[in-house]
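J.: Just model28.tsv, nothing more (TSV, C-alpha atoms and all ligand atoms):
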chain	number	residue	atom	x	y	z
A	1	MET	CA	31.96	-12.87	-30.34
A	2	SER	CA	32.42	-15.92	-28.08
A	3	LYS	CA	30.07	-16.58	-25.17
A	4	SER	CA	32.90	-15.87	-22.75
A	5	GLN	CA	33.62	-12.56	-24.47
A	6	GLN	CA	29.97	-11.55	-24.20
A	7	TRP	CA	29.95	-12.24	-20.45
A	8	ILE	CA	33.19	-10.31	-20.00
A	9	GLU	CA	31.72	-7.24	-21.73
A	10	ARG	CA	28.64	-7.40	-19.50
A	11	ASN	CA	30.84	-7.91	-16.42
A	12	ASP	CA	32.72	-4.73	-17.22
A	13	GLN	CA	29.47	-2.74	-17.31
A	14	VAL	CA	28.08	-3.68	-13.90
A	15	ILE	CA	30.68	-5.24	-11.61
A	16	THR	CA	33.02	-3.12	-9.47
A	17	ALA	CA	36.52	-3.34	-10.88
A	18	THR	CA	37.95	-4.57	-7.56
A	19	TYR	CA	39.38	-7.82	-8.89
A	20	GLY	CA	41.26	-7.07	-12.10
A	21	ARG	CA	39.74	-10.20	-13.58
A	22	TYR	CA	41.29	-12.67	-16.00
A	23	PRO	CA	39.30	-13.20	-19.19
A	24	LEU	CA	37.85	-16.50	-17.98
A	25	VAL	CA	34.18	-17.40	-17.48
A	26	PRO	CA	33.89	-20.70	-15.61
A	27	VAL	CA	30.43	-22.23	-15.76
A	28	ARG	CA	30.89	-25.84	-14.64
A	29	GLY	CA	33.25	-27.89	-12.49
A	30	ALA	CA	33.91	-31.50	-11.51
A	31	GLY	CA	36.83	-32.70	-9.40
A	32	CYS	CA	39.99	-30.85	-10.47
A	33	ARG	CA	38.43	-29.70	-13.77
A	34	LEU	CA	36.63	-26.51	-14.76
A	35	TRP	CA	34.90	-25.65	-18.04
A	36	ASP	CA	34.34	-22.16	-19.39
A	37	ALA	CA	31.31	-20.71	-21.20
A	38	ASP	CA	32.70	-21.92	-24.54
A	39	GLY	CA	33.31	-25.47	-23.34
A	40	LYS	CA	37.08	-25.21	-22.94
A	41	GLU	CA	38.50	-27.45	-20.18
A	42	TYR	CA	40.94	-26.36	-17.46
A	43	LEU	CA	42.97	-28.23	-14.85
A	44	ASP	CA	42.40	-26.19	-11.70
A	45	LEU	CA	45.36	-25.86	-9.32
A	46	LEU	CA	43.88	-22.80	-7.62
A	47	ALA	CA	40.62	-24.42	-6.42
A	48	GLY	CA	38.83	-21.12	-5.78
A	49	VAL	CA	41.88	-20.01	-3.74
A	50	ALA	CA	42.09	-23.04	-1.46
A	51	VAL	CA	38.30	-23.32	-1.10
A	52	ASN	CA	37.40	-26.35	-3.22
A	53	ASN	CA	39.50	-28.75	-1.12
A	54	LEU	CA	37.31	-31.69	-2.18
A	55	GLY	CA	37.32	-30.57	-5.81
A	56	HIS	CA	34.44	-29.00	-7.70
A	57	CYS	CA	30.96	-30.26	-6.86
A	58	PRO	CA	31.99	-33.13	-4.53
A	59	PRO	CA	29.03	-35.57	-4.79
A	60	LYS	CA	28.43	-36.10	-1.06
A	61	VAL	CA	28.46	-32.37	-0.35
A	62	VAL	CA	26.22	-31.65	-3.34
A	63	THR	CA	23.69	-34.21	-2.08
A	64	ALA	CA	23.78	-32.76	1.45
A	65	ILE	CA	23.21	-29.24	0.07
A	66	GLN	CA	20.34	-30.38	-2.19
A	67	GLU	CA	18.61	-32.21	0.65
A	68	GLN	CA	19.07	-29.34	3.10
A	69	ALA	CA	17.89	-26.77	0.55
A	70	ALA	CA	14.66	-28.71	0.17
A	71	THR	CA	14.19	-29.04	3.94
A	72	LEU	CA	15.18	-25.78	5.65
A	73	LEU	CA	17.41	-23.05	4.21
A	74	HIS	CA	17.45	-20.49	6.97
A	75	CYS	CA	15.80	-19.83	10.31
A	76	SER	CA	17.52	-17.61	12.87
A	77	ASN	CA	20.21	-17.87	15.48
A	78	PHE	CA	17.44	-17.21	18.00
A	79	TYR	CA	16.87	-20.94	17.65
A	80	ASN	CA	18.88	-24.17	17.91
A	81	ILE	CA	20.10	-25.41	14.54
A	82	PRO	CA	20.84	-29.17	14.31
A	83	GLN	CA	23.32	-28.91	11.38
A	84	GLN	CA	25.18	-26.14	13.20
A	85	ILE	CA	25.37	-28.26	16.34
A	86	ARG	CA	26.63	-31.28	14.39
A	87	LEU	CA	29.31	-29.26	12.65
A	88	ALA	CA	30.44	-27.74	15.96
A	89	GLU	CA	30.61	-31.23	17.49
A	90	LEU	CA	32.70	-32.49	14.57
A	91	LEU	CA	35.07	-29.52	14.81
A	92	CYS	CA	35.44	-29.84	18.59
A	93	ASP	CA	35.91	-33.64	18.47
A	94	ASN	CA	38.75	-33.12	16.02
A	95	SER	CA	40.53	-30.08	17.48
A	96	PHE	CA	41.60	-28.41	20.73
A	97	ALA	CA	38.35	-26.43	20.83
A	98	GLN	CA	35.21	-26.77	22.90
A	99	ARG	CA	33.13	-23.91	21.50
A	100	VAL	CA	32.41	-22.63	18.01
A	101	PHE	CA	30.97	-19.34	16.72
A	102	PHE	CA	29.81	-19.48	13.11
A	103	CYS	CA	29.90	-16.64	10.59
A	104	ASN	CA	30.18	-16.34	6.81
A	105	SER	CA	33.79	-15.65	5.84
A	106	GLY	CA	37.39	-15.63	6.93
A	107	ALA	CA	37.43	-11.91	7.67
A	108	GLU	CA	34.35	-12.28	9.87
A	109	ALA	CA	35.92	-15.20	11.72
A	110	ASN	CA	38.95	-13.00	12.44
A	111	GLU	CA	36.64	-10.18	13.58
A	112	ALA	CA	35.10	-12.56	16.09
A	113	ALA	CA	38.55	-13.69	17.24
A	114	ILE	CA	39.76	-10.12	17.84
A	115	LYS	CA	36.51	-9.17	19.60
A	116	LEU	CA	36.81	-12.19	21.88
A	117	ALA	CA	40.49	-11.51	22.62
A	118	ARG	CA	39.84	-7.87	23.56
A	119	LYS	CA	36.73	-8.66	25.60
A	120	TYR	CA	38.52	-11.40	27.51
A	121	SER	CA	41.54	-9.21	28.13
A	122	GLY	CA	39.42	-6.28	29.33
A	123	GLU	CA	37.40	-8.44	31.67
A	124	LYS	CA	40.42	-10.25	33.04
A	125	PHE	CA	43.12	-7.56	33.13
A	126	GLY	CA	41.26	-4.23	32.89
A	127	PRO	CA	41.19	-1.60	30.12
A	128	ASN	CA	44.04	-0.53	27.79
A	129	ARG	CA	45.24	-4.05	27.22
A	130	SER	CA	43.93	-4.49	23.70
A	131	GLU	CA	46.89	-4.56	21.35
A	132	VAL	CA	47.26	-7.47	18.94
A	133	LEU	CA	50.60	-8.40	17.39
A	134	THR	CA	50.49	-9.84	13.87
A	135	ALA	CA	53.07	-10.57	11.18
A	136	LEU	CA	54.40	-8.56	8.29
A	137	ALA	CA	53.23	-10.06	4.96
A	138	SER	CA	50.23	-11.56	6.74
A	139	PHE	CA	46.71	-11.54	5.37
A	140	HIS	CA	43.61	-11.54	7.57
A	141	GLY	CA	40.80	-10.31	5.33
A	142	ARG	CA	39.30	-7.15	3.83
A	143	THR	CA	37.02	-5.76	6.53
A	144	TYR	CA	38.33	-2.87	8.63
A	145	CYS	CA	39.48	-5.29	11.31
A	146	GLY	CA	40.97	-7.54	8.63
A	147	ILE	CA	43.01	-4.83	6.88
A	148	SER	CA	44.05	-3.36	10.22
A	149	ALA	CA	45.36	-6.76	11.28
A	150	THR	CA	46.99	-7.46	7.90
A	151	GLY	CA	50.71	-6.69	7.71
A	152	GLN	CA	50.71	-5.36	4.12
A	153	GLU	CA	50.44	-1.70	3.20
A	154	LYS	CA	48.74	-2.34	-0.15
A	155	VAL	CA	45.44	-3.43	1.45
A	156	LYS	CA	45.25	-0.29	3.62
A	157	GLU	CA	45.97	2.48	1.12
A	158	GLY	CA	43.22	5.08	1.03
A	159	PHE	CA	41.14	3.56	3.81
A	160	ALA	CA	42.39	5.44	6.87
A	161	PRO	CA	41.53	5.73	9.70
A	162	LEU	CA	42.01	2.05	10.45
A	163	LEU	CA	41.21	0.19	13.64
A	164	PRO	CA	43.86	1.04	16.24
A	165	GLY	CA	45.75	-1.53	18.28
A	166	PHE	CA	47.70	-3.64	15.79
A	167	LYS	CA	51.45	-3.98	15.40
A	168	HIS	CA	53.20	-5.98	12.68
A	169	LEU	CA	56.44	-7.88	13.20
A	170	PRO	CA	58.56	-10.02	10.85
A	171	PHE	CA	57.12	-13.54	10.48
A	172	GLY	CA	59.34	-16.21	12.01
A	173	ASP	CA	61.33	-13.81	14.22
A	174	ILE	CA	60.65	-14.71	17.86
A	175	GLU	CA	62.91	-11.97	19.24
A	176	ALA	CA	61.02	-9.28	17.30
A	177	LEU	CA	57.76	-10.54	18.80
A	178	ARG	CA	59.21	-10.76	22.28
A	179	SER	CA	60.49	-7.19	22.26
A	180	ALA	CA	57.17	-5.87	20.89
A	181	VAL	CA	55.13	-7.28	23.79
A	182	SER	CA	54.11	-4.57	26.27
A	183	ASP	CA	51.61	-4.23	29.11
A	184	GLN	CA	49.06	-3.27	26.42
A	185	THR	CA	49.40	-6.47	24.42
A	186	CYS	CA	46.54	-8.98	24.64
A	187	ALA	CA	47.15	-11.42	21.79
A	188	ILE	CA	49.39	-12.64	19.00
A	189	MET	CA	47.65	-13.55	15.75
A	190	LEU	CA	49.46	-15.54	13.05
A	191	GLU	CA	48.87	-17.75	10.05
A	192	PRO	CA	50.59	-21.15	10.52
A	193	ILE	CA	51.87	-20.73	6.95
A	194	GLN	CA	51.45	-17.35	5.25
A	195	GLY	CA	49.30	-17.84	2.16
A	196	GLU	CA	48.73	-14.54	0.36
A	197	GLY	CA	52.13	-13.38	1.63
A	198	GLY	CA	53.94	-15.95	-0.56
A	199	VAL	CA	53.58	-19.43	1.03
A	200	ASN	CA	55.99	-18.57	3.84
A	201	LEU	CA	56.79	-21.45	6.19
A	202	PRO	CA	57.73	-20.77	9.81
A	203	PRO	CA	61.20	-21.71	11.10
A	204	VAL	CA	61.38	-24.97	13.07
A	205	ASP	CA	60.05	-24.53	16.63
A	206	TYR	CA	58.91	-20.93	15.97
A	207	PHE	CA	55.33	-21.69	17.02
A	208	LYS	CA	56.51	-23.51	20.16
A	209	GLN	CA	58.44	-20.38	21.09
A	210	VAL	CA	55.43	-18.18	20.33
A	211	ARG	CA	53.26	-20.43	22.49
A	212	HIS	CA	55.81	-20.19	25.29
A	213	LEU	CA	55.91	-16.39	24.99
A	214	CYS	CA	52.11	-16.25	25.16
A	215	ASP	CA	52.02	-18.45	28.27
A	216	GLU	CA	54.74	-16.40	29.95
A	217	GLN	CA	53.01	-13.05	29.25
A	218	ASP	CA	49.35	-14.18	29.58
A	219	LEU	CA	48.67	-13.50	25.90
A	220	LEU	CA	46.21	-15.31	23.69
A	221	LEU	CA	47.53	-17.17	20.66
A	222	ILE	CA	45.15	-16.74	17.72
A	223	LEU	CA	45.84	-18.90	14.68
A	224	ASP	CA	44.29	-17.78	11.41
A	225	GLU	CA	43.76	-21.14	9.72
A	226	VAL	CA	41.36	-19.71	7.15
A	227	GLN	CA	43.66	-20.99	4.38
A	228	THR	CA	45.76	-23.67	6.13
A	229	GLY	CA	42.80	-25.39	7.83
A	230	CYS	CA	40.41	-28.07	6.57
A	231	GLY	CA	43.11	-30.47	5.41
A	232	ARG	CA	45.11	-28.12	3.19
A	233	THR	CA	48.51	-28.91	4.76
A	234	GLY	CA	47.94	-32.67	5.16
A	235	THR	CA	46.46	-32.66	8.66
A	236	LEU	CA	42.98	-31.39	9.46
A	237	PHE	CA	44.57	-28.25	10.96
A	238	ALA	CA	48.10	-26.96	10.40
A	239	TYR	CA	48.73	-26.34	14.11
A	240	GLU	CA	48.81	-30.11	14.68
A	241	GLN	CA	52.14	-30.25	12.83
A	242	GLU	CA	53.60	-27.48	14.99
A	243	ASP	CA	52.85	-29.35	18.18
A	244	VAL	CA	51.19	-26.31	19.76
A	245	THR	CA	47.63	-25.57	20.84
A	246	PRO	CA	46.16	-22.16	20.02
A	247	ASP	CA	43.66	-20.37	22.25
A	248	ILE	CA	41.57	-19.29	19.29
A	249	MET	CA	41.49	-20.60	15.72
A	250	THR	CA	39.65	-19.22	12.71
A	251	LEU	CA	38.45	-21.23	9.71
A	252	ALA	CA	36.62	-20.46	6.48
A	253	LYS	CA	37.86	-21.23	2.97
A	254	GLY	CA	37.72	-25.04	2.79
A	255	LEU	CA	35.04	-25.52	5.42
A	256	GLY	CA	31.97	-25.45	3.17
A	257	SER	CA	33.41	-26.74	-0.14
A	258	GLY	CA	32.37	-23.44	-1.72
A	259	VAL	CA	29.36	-22.45	0.39
A	260	SER	CA	30.11	-19.31	2.44
A	261	ILE	CA	30.97	-20.20	5.99
A	262	GLY	CA	33.41	-19.06	8.65
A	263	ALA	CA	34.09	-20.28	12.16
A	264	MET	CA	35.88	-19.10	15.27
A	265	LEU	CA	36.90	-21.84	17.68
A	266	ALA	CA	37.99	-21.51	21.30
A	267	GLY	CA	38.13	-23.32	24.63
A	268	ASN	CA	35.22	-23.38	27.08
A	269	GLU	CA	36.39	-20.82	29.58
A	270	LEU	CA	37.65	-18.29	27.07
A	271	ALA	CA	34.44	-18.55	25.02
A	272	THR	CA	32.30	-17.59	28.05
A	273	HIS	CA	33.53	-14.03	27.51
A	274	LEU	CA	31.26	-13.80	24.47
A	275	GLY	CA	28.00	-14.06	26.37
A	276	PRO	CA	24.40	-13.48	25.16
A	277	GLY	CA	24.04	-10.34	23.05
A	278	THR	CA	27.77	-9.62	22.69
A	279	HIS	CA	28.21	-10.78	19.11
A	280	GLY	CA	26.17	-12.32	16.32
A	281	SER	CA	25.48	-12.89	12.65
A	282	THR	CA	22.20	-13.22	10.77
A	283	PHE	CA	23.44	-15.85	8.35
A	284	GLY	CA	26.23	-17.35	10.46
A	285	GLY	CA	25.84	-21.10	10.86
A	286	ASN	CA	22.63	-21.30	8.83
A	287	PRO	CA	21.30	-24.79	8.05
A	288	LEU	CA	22.47	-24.78	4.41
A	289	ALA	CA	26.06	-23.69	5.10
A	290	THR	CA	26.51	-25.95	8.09
A	291	ALA	CA	25.02	-28.95	6.24
A	292	ALA	CA	27.70	-28.33	3.61
A	293	GLY	CA	30.26	-28.09	6.41
A	294	VAL	CA	29.20	-31.37	8.01
A	295	ALA	CA	29.39	-33.22	4.69
A	296	THR	CA	32.76	-31.60	3.91
A	297	LEU	CA	34.31	-32.60	7.24
A	298	GLU	CA	32.94	-36.14	7.00
A	299	VAL	CA	34.55	-36.61	3.58
A	300	LEU	CA	37.81	-35.00	4.80
A	301	LEU	CA	37.97	-37.30	7.81
A	302	ASN	CA	36.64	-40.58	6.40
A	303	ASP	CA	37.46	-40.80	2.71
A	304	GLY	CA	41.27	-40.79	2.74
A	305	VAL	CA	41.56	-37.16	1.64
A	306	LEU	CA	44.23	-36.15	4.17
A	307	ASP	CA	46.35	-39.15	3.23
A	308	ASN	CA	46.05	-38.28	-0.45
A	309	CYS	CA	46.96	-34.66	0.33
A	310	ARG	CA	50.18	-35.69	2.07
A	311	LYS	CA	51.18	-38.16	-0.66
A	312	MET	CA	50.32	-35.93	-3.60
A	313	GLY	CA	51.88	-32.93	-1.84
A	314	ALA	CA	55.17	-34.79	-1.51
A	315	TYR	CA	54.97	-35.99	-5.13
A	316	PHE	CA	54.12	-32.52	-6.48
A	317	CYS	CA	56.99	-30.93	-4.52
A	318	ALA	CA	59.42	-33.60	-5.77
A	319	GLU	CA	58.38	-32.95	-9.37
A	320	LEU	CA	58.69	-29.17	-8.89
A	321	ASN	CA	62.14	-29.74	-7.40
A	322	LYS	CA	63.13	-31.48	-10.64
A	323	LEU	CA	62.00	-28.39	-12.53
A	324	GLN	CA	64.10	-26.27	-10.18
A	325	GLN	CA	67.17	-28.34	-11.17
A	326	LYS	CA	66.35	-27.58	-14.79
A	327	TYR	CA	65.59	-23.85	-14.63
A	328	ASN	CA	67.89	-21.54	-12.74
A	329	PHE	CA	65.30	-18.75	-12.40
A	330	ILE	CA	63.50	-21.01	-9.89
A	331	THR	CA	65.04	-20.16	-6.54
A	332	ASN	CA	62.95	-22.18	-4.08
A	333	VAL	CA	60.20	-24.79	-3.83
A	334	ARG	CA	58.43	-25.03	-0.49
A	335	GLY	CA	55.17	-26.12	1.04
A	336	ARG	CA	53.30	-28.48	3.27
A	337	GLY	CA	50.63	-30.85	2.05
A	338	LEU	CA	49.03	-29.22	-0.98
A	339	MET	CA	49.91	-25.63	-0.10
A	340	ILE	CA	52.96	-25.16	-2.30
A	341	GLY	CA	54.98	-22.16	-3.43
A	342	LEU	CA	57.54	-21.96	-6.23
A	343	GLU	CA	59.68	-18.87	-5.88
A	344	MET	CA	61.44	-17.31	-8.86
A	345	ASN	CA	63.77	-14.39	-9.44
A	346	ILE	CA	61.50	-13.19	-12.26
A	347	GLU	CA	57.87	-12.01	-12.37
A	348	GLY	CA	55.21	-14.73	-12.64
A	349	GLY	CA	52.18	-12.75	-13.84
A	350	GLU	CA	52.62	-13.55	-17.53
A	351	MET	CA	53.12	-17.25	-16.79
A	352	VAL	CA	49.71	-17.36	-15.13
A	353	LYS	CA	48.16	-15.98	-18.33
A	354	THR	CA	50.07	-18.38	-20.58
A	355	ALA	CA	49.07	-21.31	-18.35
A	356	MET	CA	45.43	-20.26	-18.56
A	357	ALA	CA	45.56	-20.13	-22.34
A	358	ARG	CA	46.86	-23.73	-22.25
A	359	GLY	CA	44.17	-24.94	-19.85
A	360	LEU	CA	46.00	-24.73	-16.51
A	361	LEU	CA	44.82	-22.51	-13.66
A	362	ILE	CA	47.54	-21.34	-11.28
A	363	ASN	CA	48.16	-18.24	-9.19
A	364	CYS	CA	51.02	-15.87	-8.50
A	365	THR	CA	51.41	-14.05	-5.16
A	366	VAL	CA	53.79	-11.26	-4.21
A	367	GLY	CA	54.90	-11.02	-7.85
A	368	LYS	CA	57.38	-13.88	-7.97
A	369	VAL	CA	55.85	-16.85	-6.15
A	370	LEU	CA	53.67	-19.28	-8.08
A	371	ARG	CA	51.17	-20.70	-5.60
A	372	PHE	CA	49.63	-24.12	-6.02
A	373	VAL	CA	46.61	-24.96	-3.84
A	374	PRO	CA	44.82	-27.67	-5.87
A	375	PRO	CA	41.92	-29.82	-4.67
A	376	LEU	CA	43.19	-32.33	-2.08
A	377	ILE	CA	41.76	-35.15	-4.19
A	378	ILE	CA	44.19	-34.47	-7.05
A	379	THR	CA	45.74	-37.54	-8.70
A	380	ARG	CA	49.28	-38.33	-9.78
A	381	LYS	CA	48.12	-38.21	-13.39
A	382	GLU	CA	46.74	-34.70	-12.98
A	383	ILE	CA	49.97	-33.55	-11.31
A	384	ASP	CA	51.94	-35.06	-14.21
A	385	GLN	CA	49.79	-33.11	-16.66
A	386	ALA	CA	50.37	-29.89	-14.70
A	387	ILE	CA	54.13	-30.50	-14.53
A	388	ASP	CA	54.27	-31.07	-18.32
A	389	LEU	CA	52.46	-27.79	-18.95
A	390	LEU	CA	54.65	-25.90	-16.47
A	391	ASP	CA	57.79	-27.41	-18.01
A	392	GLY	CA	56.65	-26.11	-21.40
A	393	ILE	CA	55.99	-22.62	-20.05
A	394	PHE	CA	59.28	-22.48	-18.12
A	395	SER	CA	61.26	-23.68	-21.16
A	396	GLU	CA	59.99	-20.71	-23.17
A	397	VAL	CA	61.05	-18.27	-20.46
A	398	ALA	CA	64.52	-19.78	-19.97
A	401	LIG	C1	41.40	-15.71	2.52
A	401	LIG	C2	41.92	-15.40	3.86
A	401	LIG	C3	41.21	-14.56	4.74
A	401	LIG	C4	39.97	-13.81	4.32
A	401	LIG	O1	38.90	-14.66	4.09
A	401	LIG	P1	37.57	-14.05	3.40
A	401	LIG	O2	36.62	-15.23	3.39
A	401	LIG	O3	37.95	-13.57	2.05
A	401	LIG	O4	37.09	-12.96	4.26
A	401	LIG	C5	41.71	-14.38	6.01
A	401	LIG	N1	42.84	-14.99	6.41
A	401	LIG	C6	43.55	-15.81	5.60
A	401	LIG	C7	44.78	-16.47	6.10
A	401	LIG	C8	43.11	-16.03	4.29
A	401	LIG	O5	43.83	-16.80	3.48
If you took the structure in this file and wrote it as structure tokens, what would it be?
T.:
Amino acid sequence: MSKSQQWIERNDQVITATYGRYPLVPVRGAGCRLWDADGKEYLDLLAGVAVNNLGHCPPKVVTAIQEQAATLLHCSNFYNIPQQIRLAELLCDNSFAQRVFFCNSGAEANEAAIKLARKYSGEKFGPNRSEVLTALASFHGRTYCGISATGQEKVKEGFAPLLPGFKHLPFGDIEALRSAVSDQTCAIMLEPIQGEGGVNLPPVDYFKQVRHLCDEQDLLLILDEVQTGCGRTGTLFAYEQEDVTPDIMTLAKGLGSGVSIGAMLAGNELATHLGPGTHGSTFGGNPLATAAGVATLEVLLNDGVLDNCRKMGAYFCAELNKLQQKYNFITNVRGRGLMIGLEMNIEGGEMVKTAMARGLLINCTVGKVLRFVPPLIITRKEIDQAIDLLDGIFSEVA
């Protein structure tokens, strides 16, 4: 029995079956490559689901983590934490925000955002103004707040009662949002581009109209940039390309290059509504995670990563468009930066397995959309290799 097979058998004895895992046991990574327990190499276009934006084990982040681990791993949020302060400064200097709350995941960042929105609304407008509008096909995490906010039935089944006060409207439909706003609405929460929902791009000017609606009705605009943030779409944050400013933004996935971290960002005045004792997290913003965050942001901002993301994103899309010309089961190629979806009129699950067997890691969402979220440092040569493998797989289906 192979080493991988042995690990898989042990996995199946002790790990909850929540993930429906592929038979893959990664043990080492570098850049866009992963190796499994038997030494087989993979080209990774999933990047830990848009987490490893700088590739696996980016040297500057690894060094920062090693040094921090040997200096101070954890203290408490009762105290001031220099790495946390530096990361907050970097985030604020490079976004609309003036205040940051740190936590450990995307779902937790969204929890903080919803708590802030409701607290602010209650203090400013009185009780019963707590409803949050979100989008159908959205994804906001797996906590109770996260699944309540998420506009997909499959994450909620069996878990009732959920958190009240959420309504889901079609993504990209400004009139649907407008007619759903009532005197109980306090916020609109959206992903700039829906990730888990199938790489769904907003219509032109949609976010400007949403911003306008929020201003008109005194609503907060919360952007869930857990997946789109940290350079994924070619700018540090996706909202920059929509020419709107949110009131609250949440981050997680790419922020720590693989170390658990989440963040909720807001303006000064709004953030005052989360005063001492109102919210907290034991591990949130700990020295190790925030040291990883500082190193990650410095590389993102100073080492040409965003530029590479835009160029390679355009190249990858162009190459996928050529495949679309060739295979008529491909119905659409879309994306921004290196968040790319290839939609088909057939199921993609088997293709993911075939790709894996040939050393290519990809993902399929909502059944028929292949999602590509590779490291932002990917090269033309690596994209060419991926395209060759995909061409081979598609040719066998056609
Ligand atoms: C992944 C994701 C989350 C959940 O993040 P976790 O770290 O798994 O809690 C929330 N929102 C969006 C848009 C995501 O892509």
J.: Looking at A:Gly106, A:Pro82, A:Gly122, A:Pro127, which one is nearest to Thr290 of chain A, with distances taken over only C-alpha atoms?
T.: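 Closest residue, counting only C-alpha atoms: A:Pro82.
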J.: What does the distance from atom CA of Val27 of chain A to atom CA of Pro375 of chain A come to in Å, to one decimal?
T.: 17.7 Å
J.: Rank nothing, just name the residue among A:Val155, A:Leu220, A:Ile362, A:Val61 nearest to Tyr42 of chain A, using all atoms listed in the file.
T.: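 Among the listed residues, A:Ile362 lies closest to Tyr42 of chain A.
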J.: Could you name the residues that touch segment 1-4 of chain A at 12 Å or less, counting only C-alpha atoms, but leaving out those on the same chain fewer than 2 positions away, as a PyMOL selection string?
T.: chain A and resi 6-11+22-27+35-40
J.: May I ask you to write as a PDB file with C-alpha atoms, in the coordinates of the input all residues lying at most 8 Å from ligand LIG 401 (chain A), with only C-alpha atoms and all ligand atoms counted?
T.:
ATOM      1  CA  VAL A  49      41.880 -20.010  -3.740  1.00  0.00           C
ATOM      2  CA  ASN A 104      30.180 -16.340   6.810  1.00  0.00           C
ATOM      3  CA  SER A 105      33.790 -15.650   5.840  1.00  0.00           C
ATOM      4  CA  GLY A 106      37.390 -15.630   6.930  1.00  0.00           C
ATOM      5  CA  ALA A 107      37.430 -11.910   7.670  1.00  0.00           C
ATOM      6  CA  GLU A 108      34.350 -12.280   9.870  1.00  0.00           C
ATOM      7  CA  ALA A 109      35.920 -15.200  11.720  1.00  0.00           C
ATOM      8  CA  ASN A 110      38.950 -13.000  12.440  1.00  0.00           C
ATOM      9  CA  SER A 138      50.230 -11.560   6.740  1.00  0.00           C
ATOM     10  CA  PHE A 139      46.710 -11.540   5.370  1.00  0.00           C
ATOM     11  CA  HIS A 140      43.610 -11.540   7.570  1.00  0.00           C
ATOM     12  CA  GLY A 141      40.800 -10.310   5.330  1.00  0.00           C
ATOM     13  CA  ARG A 142      39.300  -7.150   3.830  1.00  0.00           C
ATOM     14  CA  THR A 143      37.020  -5.760   6.530  1.00  0.00           C
ATOM     15  CA  GLY A 146      40.970  -7.540   8.630  1.00  0.00           C
ATOM     16  CA  GLU A 191      48.870 -17.750  10.050  1.00  0.00           C
ATOM     17  CA  GLN A 194      51.450 -17.350   5.250  1.00  0.00           C
ATOM     18  CA  GLY A 195      49.300 -17.840   2.160  1.00  0.00           C
ATOM     19  CA  GLU A 196      48.730 -14.540   0.360  1.00  0.00           C
ATOM     20  CA  ASP A 224      44.290 -17.780  11.410  1.00  0.00           C
ATOM     21  CA  GLU A 225      43.760 -21.140   9.720  1.00  0.00           C
ATOM     22  CA  VAL A 226      41.360 -19.710   7.150  1.00  0.00           C
ATOM     23  CA  GLN A 227      43.660 -20.990   4.380  1.00  0.00           C
ATOM     24  CA  THR A 228      45.760 -23.670   6.130  1.00  0.00           C
ATOM     25  CA  ALA A 252      36.620 -20.460   6.480  1.00  0.00           C
ATOM     26  CA  LYS A 253      37.860 -21.230   2.970  1.00  0.00           C
ATOM     27  CA  SER A 260      30.110 -19.310   2.440  1.00  0.00           C
ATOM     28  CA  ILE A 261      30.970 -20.200   5.990  1.00  0.00           C
ATOM     29  CA  GLY A 262      33.410 -19.060   8.650  1.00  0.00           C
TER      30      GLY A 262
END
J.: Taking only C-alpha atoms into account, name the residue in A:Thr354, A:Val397, A:Asn268, A:Val244 that is nearest to Tyr327 of chain A.
T.: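 Nearest candidate to Tyr327 of chain A out of A:Thr354, A:Val397, A:Asn268, A:Val244: A:Val397.
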J.: What lies within 9 Å of Leu270 of chain A using all atoms listed in the file, ignoring chain neighbours under 4 positions off, as a PDB file with C-alpha atoms, in the frame of the given file?
T.:
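As a result, result.pdb now contains:
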ATOM      1  CA  LEU A 116      36.810 -12.190  21.880  1.00  0.00           C
ATOM      2  CA  ALA A 117      40.490 -11.510  22.620  1.00  0.00           C
ATOM      3  CA  TYR A 120      38.520 -11.400  27.510  1.00  0.00           C
ATOM      4  CA  ASP A 247      43.660 -20.370  22.250  1.00  0.00           C
ATOM      5  CA  ILE A 248      41.570 -19.290  19.290  1.00  0.00           C
ATOM      6  CA  ALA A 266      37.990 -21.510  21.300  1.00  0.00           C
ATOM      7  CA  LEU A 274      31.260 -13.800  24.470  1.00  0.00           C
TER       8      LEU A 274
END
